[in-house]
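Here's structure.cif, which has mmCIF, C-alpha atoms:
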data_upload
#
loop_
_atom_site.label_atom_id
_atom_site.label_comp_id
_atom_site.auth_asym_id
_atom_site.auth_seq_id
_atom_site.Cartn_x
_atom_site.Cartn_y
_atom_site.Cartn_z
CA HIS G 1 -128.08 -145.25 -126.06
CA LEU G 2 -124.80 -145.56 -128.00
CA TRP G 3 -122.91 -146.99 -125.03
CA PRO G 4 -125.34 -149.07 -122.93
CA GLU G 5 -122.54 -150.67 -120.90
CA VAL G 6 -121.22 -147.28 -119.74
CA GLU G 7 -122.51 -145.70 -116.55
CA VAL G 8 -122.71 -141.92 -116.67
CA ARG G 9 -122.80 -139.89 -113.47
CA ILE G 10 -122.92 -136.13 -113.29
CA SER G 11 -121.38 -134.23 -110.39
CA ILE G 12 -122.08 -130.58 -109.72
CA GLY G 13 -119.63 -128.43 -107.81
CA LEU G 14 -117.32 -125.46 -107.82
CA CYS G 15 -115.10 -125.27 -110.88
CA GLU G 16 -111.86 -125.50 -108.89
CA ASP G 17 -113.12 -128.58 -107.02
CA LEU G 18 -114.20 -130.30 -110.25
CA ARG G 19 -110.80 -129.66 -111.86
CA GLY G 20 -109.13 -131.08 -108.76
CA ARG G 21 -111.29 -134.21 -108.91
CA VAL G 22 -110.21 -134.76 -112.52
CA GLY G 23 -106.59 -134.35 -111.42
CA ARG G 24 -107.11 -137.04 -108.77
CA ALA G 25 -108.83 -139.30 -111.35
CA GLU G 26 -112.12 -139.17 -109.41
CA LEU G 27 -113.83 -137.78 -112.53
CA ASP G 28 -113.09 -138.52 -116.18
CA ALA G 29 -113.89 -134.99 -117.30
CA ALA G 30 -115.14 -131.66 -116.00
CA LEU G 31 -117.01 -128.84 -117.70
CA THR G 32 -116.22 -125.59 -115.96
CA ILE G 33 -116.70 -121.88 -116.51
CA GLU G 34 -113.43 -120.01 -116.59
CA GLY G 35 -112.09 -116.53 -117.10
CA PRO G 36 -109.82 -115.62 -120.00
CA GLY G 37 -106.89 -117.99 -120.58
CA ARG G 38 -107.48 -120.05 -117.42
CA GLY G 39 -106.53 -123.68 -117.78
CA GLN G 40 -105.45 -123.48 -121.40
CA SER G 41 -101.94 -124.71 -120.59
CA ARG G 42 -102.98 -127.88 -118.74
CA ASP G 43 -102.93 -131.24 -120.48
CA GLY G 44 -106.39 -132.31 -121.50
CA ALA G 45 -107.87 -128.83 -121.03
CA GLY G 46 -109.42 -126.91 -123.83
CA GLU G 47 -112.09 -124.37 -124.55
CA LEU G 48 -115.37 -125.87 -125.65
CA SER G 49 -117.20 -122.63 -126.19
CA PRO G 50 -116.71 -118.93 -125.52
CA ALA G 51 -119.48 -117.25 -123.58
CA ARG G 52 -120.42 -113.88 -122.15
CA LEU G 53 -121.48 -112.86 -118.70
CA ARG G 54 -124.66 -110.81 -118.74
CA LEU G 55 -126.06 -108.45 -116.15
CA VAL G 56 -129.83 -108.91 -116.18
CA VAL G 57 -132.68 -107.14 -114.45
CA SER G 58 -136.46 -107.26 -114.42
CA PRO G 59 -138.13 -105.23 -117.19
CA ASP G 60 -139.35 -102.62 -114.66
CA HIS G 61 -135.91 -102.11 -113.06
CA PRO G 62 -134.73 -98.46 -113.09
CA LEU G 63 -131.58 -99.41 -115.07
CA ALA G 64 -133.43 -101.52 -117.67
CA CYS G 65 -133.47 -98.72 -120.27
CA GLY G 66 -130.51 -96.76 -121.60
CA ARG G 67 -126.76 -96.98 -121.14
CA VAL G 68 -125.39 -98.01 -117.76
CA ARG G 69 -122.06 -96.80 -116.42
CA ARG G 70 -120.09 -98.53 -113.69
CA GLY G 71 -120.96 -95.67 -111.37
CA ASP G 72 -124.64 -96.54 -111.80
CA LEU G 73 -123.89 -99.94 -110.26
CA GLU G 74 -122.38 -98.62 -107.03
CA LEU G 75 -123.88 -100.14 -103.89
CA ARG G 76 -126.33 -102.23 -105.93
CA THR G 77 -126.82 -105.92 -105.17
CA PHE G 78 -125.52 -108.42 -107.72
CA LEU G 79 -126.95 -111.94 -107.45
CA LEU G 80 -124.69 -114.82 -108.46
CA ALA G 81 -125.48 -118.51 -108.53
CA ASP G 82 -122.54 -119.16 -106.18
CA HIS G 83 -120.48 -116.70 -104.14
CA GLU G 84 -117.35 -118.85 -104.37
CA GLY G 85 -117.36 -119.59 -108.08
CA ALA G 86 -115.61 -118.20 -111.13
CA PHE G 87 -118.16 -115.41 -111.64
CA TYR G 88 -117.44 -114.02 -108.20
CA ASP G 89 -113.70 -113.82 -108.92
CA LEU G 90 -114.29 -112.25 -112.35
CA LEU G 91 -116.67 -109.64 -110.95
CA GLN G 92 -114.30 -108.83 -108.09
CA SER G 93 -111.57 -108.07 -110.64
CA TRP G 94 -113.99 -106.13 -112.88
CA VAL G 95 -115.21 -103.98 -109.99
CA GLY G 96 -111.59 -103.39 -109.00
CA ALA G 97 -110.93 -100.85 -106.31
CA ALA G 98 -114.26 -99.03 -106.60
CA ALA G 99 -114.90 -96.79 -103.63
CA ARG G 100 -118.51 -98.02 -103.39
CA PRO G 101 -118.57 -101.45 -105.05
CA PRO G 102 -121.74 -103.43 -105.61
CA ARG G 103 -122.57 -106.17 -103.09
CA LEU G 104 -122.06 -109.67 -104.46
CA GLU G 105 -124.54 -112.16 -103.01
CA SER G 106 -125.30 -115.80 -103.69
CA ALA G 107 -128.75 -116.87 -104.83
CA GLY G 108 -127.77 -120.55 -104.66
CA SER G 109 -128.56 -121.47 -108.28
CA ILE G 110 -129.26 -120.09 -111.74
CA ASP G 111 -133.00 -120.29 -111.06
CA GLY G 112 -132.43 -118.55 -107.73
CA VAL G 113 -130.74 -115.65 -109.53
CA LYS G 114 -133.66 -115.37 -111.96
CA ARG G 115 -136.24 -115.47 -109.16
CA GLY G 116 -134.30 -112.90 -107.14
CA VAL G 117 -134.06 -110.52 -110.08
CA LEU G 118 -137.76 -110.81 -110.88
CA SER G 119 -138.86 -110.26 -107.28
CA GLY G 120 -136.65 -107.29 -106.39
CA ASP G 121 -134.20 -104.70 -107.59
CA ALA G 122 -131.12 -106.95 -107.67
CA ILE G 123 -128.96 -107.35 -110.76
CA GLY G 124 -128.40 -110.92 -111.89
CA VAL G 125 -125.05 -112.16 -113.15
CA LEU G 126 -125.38 -115.16 -115.46
CA PRO G 127 -123.78 -116.54 -118.61
CA ASP G 128 -125.55 -115.75 -121.87
CA TYR G 129 -126.64 -119.33 -122.48
CA ALA G 130 -128.46 -119.39 -119.11
CA VAL G 131 -130.61 -116.32 -119.88
CA ALA G 132 -130.93 -116.33 -123.69
CA GLN G 133 -134.56 -117.49 -123.63
CA GLU G 134 -135.62 -114.99 -120.98
CA ILE G 135 -133.92 -112.10 -122.81
CA ALA G 136 -135.53 -113.16 -126.11
CA ALA G 137 -138.95 -113.31 -124.39
CA SER G 138 -138.29 -109.95 -122.65
CA SER G 139 -138.99 -111.46 -119.23
CA LEU G 140 -135.44 -110.36 -118.29
CA VAL G 141 -133.54 -107.39 -119.71
CA GLU G 142 -129.79 -107.27 -120.27
CA LEU G 143 -128.18 -104.10 -118.98
CA ASN G 144 -126.52 -102.03 -121.68
CA ILE G 145 -123.18 -101.49 -119.94
CA ASP G 146 -120.55 -98.99 -121.16
CA ASP G 147 -117.71 -101.17 -119.86
CA PRO G 148 -118.10 -104.83 -120.86
CA LEU G 149 -117.73 -107.63 -118.36
CA PRO G 150 -114.72 -109.96 -118.67
CA PRO G 151 -115.01 -112.82 -121.18
CA ILE G 152 -115.66 -116.35 -119.99
CA SER G 153 -115.41 -119.78 -121.57
CA LEU G 154 -116.83 -123.21 -121.06
CA LEU G 155 -113.73 -125.34 -120.51
CA LEU G 156 -113.32 -129.10 -120.73
CA THR G 157 -110.71 -130.68 -118.49
CA THR G 158 -109.56 -134.31 -118.73
CA LEU G 159 -106.43 -136.00 -117.39
CA ALA G 160 -105.42 -136.87 -120.93
CA PRO G 161 -107.13 -136.75 -124.30
CA PRO G 162 -109.66 -139.61 -124.42
CA PRO G 163 -108.78 -142.60 -126.62
CA SER G 164 -110.12 -142.47 -130.14
CA GLY G 165 -113.51 -144.16 -130.40
CA SER G 166 -114.03 -144.20 -126.61
CA PRO G 167 -117.35 -143.35 -124.96
CA LEU G 168 -115.77 -140.22 -123.44
CA GLU G 169 -114.58 -139.01 -126.85
CA SER G 170 -118.07 -139.61 -128.23
CA LEU G 171 -119.68 -137.70 -125.35
CA ILE G 172 -117.29 -134.78 -125.76
CA GLY G 173 -118.06 -134.71 -129.49
CA GLN G 174 -121.77 -134.58 -128.77
CA VAL G 175 -121.31 -131.73 -126.26
CA ARG G 176 -119.22 -129.79 -128.80
CA ALA G 177 -121.90 -130.30 -131.49
CA VAL G 178 -124.68 -129.04 -129.20
CA LEU G 179 -122.64 -125.97 -128.19
CA GLN G 180 -121.79 -125.13 -131.80
CA ALA G 181 -125.45 -125.41 -132.79
CA ALA G 182 -126.52 -123.04 -130.00
#

Please lay out the structure from this file as structure tokens.
Amino acid sequence: HLWPEVEVRISIGLCEDLRGRVGRAELDAALTIEGPGRGQSRDGAGELSPARLRLVVSPDHPLACGRVRRGDLELRTFLLADHEGAFYDLLQSWVGAAARPPRLESAGSIDGVKRGVLSGDAIGVLPDYAVAQEIAASSLVELNIDDPLPPISLLLTTLAPPPSGSPLESLIGQVRAVLQAA
């Protein structure tokens, strides 16, 4: 509405691919999920919002009540939106060299993770903003884990800071305002 002459297109992809497309000037900006400190040193990259990964289960899941230790997660199935994304790498490092690590499987999307959790005994791995409503409504339950998952952030990457007063600067400002209000 503010910039009727500007065409906005949204591309969805793996975080690494999106950052690469910004670097090749194929995209003006990318919003990606990153682990701690990733991308902070690049020009035009900055954290928009910190976030938390949550392990969620159906309310009738055996681990839904009480404290959960890492050992309780051995050989369980974790559902992720994408098996090649940032969450997979973060979980691989969090699991470490466990003798019997959980299986990490792709559900194809955030909604796929939610459906998979509700229809079976899998554990969903999603950022807090993607499951806040379901946790508040008690349709999904966050596991109470002894050892917290690694922190994540929503990161904005641009080739260079957008010019003052530009449509991109305005859009970034609006995204920041929405994230701060959440």

Could you state the separation of CA of Glu142 in chain G and CA of Ala99 in chain G in Å, given to one decimal place?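 Separation between CA of Glu142 in chain G and CA of Ala99 in chain G: 24.7 Å.
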
Min atom-atom distance to Leu118 in chain G from the set G:Val178, G:Val141, G:Leu53, G:Ala86, counting all atoms listed in the file, belongs to G:Val141

Using all atoms listed in the file, what residues lie at most 9 Å away from (-134.7, -107.2, -109.5) (file coordinates), given as a list in words?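 Protein and nucleic acid residues near the point are Val56, Val57, Ser58, Pro59, Asp60, His61, Lys114, Arg115, Gly116, Val117, Leu118, Ser119, Gly120, Asp121, Ala122, Ile123 and Gly124 of chain G.
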
Residues picked by the PyMOL selection byres ((chain G and resi 132) around 12) here, as a VMD selection string? chain G and resid 51 to 56 126 to 131 133 to 142 182

So what do you get for CA of Gly20 in chain G versus CA of Glu84 in chain G, distance-wise? 15.4 Å

Nearest to His1 in chain G by atom-to-atom distance, counting only C-alpha atoms, from G:Ile172, G:Glu16, G:Thr158, G:Pro167: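 Closest residue, counting only C-alpha atoms: G:Pro167.
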
Please enumerate the residues selected by the PyMOL selection byres ((chain G and resi 153) around 12) when evaluated against the supplied file, formatted as a PyMOL selection string. chain G and resi 31-40+45-53+86-87+90+127-129+150-152+154-156+179

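Restricting the calculation to only C-alpha atoms, the smallest distance between Ala98 in chain G and any of G:Asp111, G:Asp28, G:Glu5, G:Asp72 is found for G:Asp72.
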
For the atom pair CA of Asp146 in chain G and CA of Arg69 in chain G, what is the interatomic distance in Å to one decimal place? 5.4 Å

Reference answer for the PyMOL selection byres ((chain G and resi 145) around 6), as a PyMOL selection string: chain G and resi 67-69+143-144+146-147

G:Ser164, G:Gln92, G:Ser109, G:Ser11: which is nearest Leu149 in chain G, counting only C-alpha atoms?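 Looking at the shortest contact to Leu149 in chain G, the residue is G:Gln92.
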
Please return, as a list in words, all polymer residues that have at least one atom within 12 Å of the point (-119.2, -103.6, -104.2); use only C-alpha atoms and the file's own coordinate frame. Arg70, Gly71, Asp72, Leu73, Glu74, Leu75, Arg76, Thr77, Phe78, Leu79, Tyr88, Leu91, Gln92, Ser93, Trp94, Val95, Gly96, Ala97, Ala98, Ala99, Arg100, Pro101, Pro102, Arg103, Leu104 and Glu105 of chain G

Looking at only C-alpha atoms, which of G:Leu80, G:Gln174, G:Leu159, G:Gly108 is the one that sits closest to Arg21 in chain G? G:Leu159
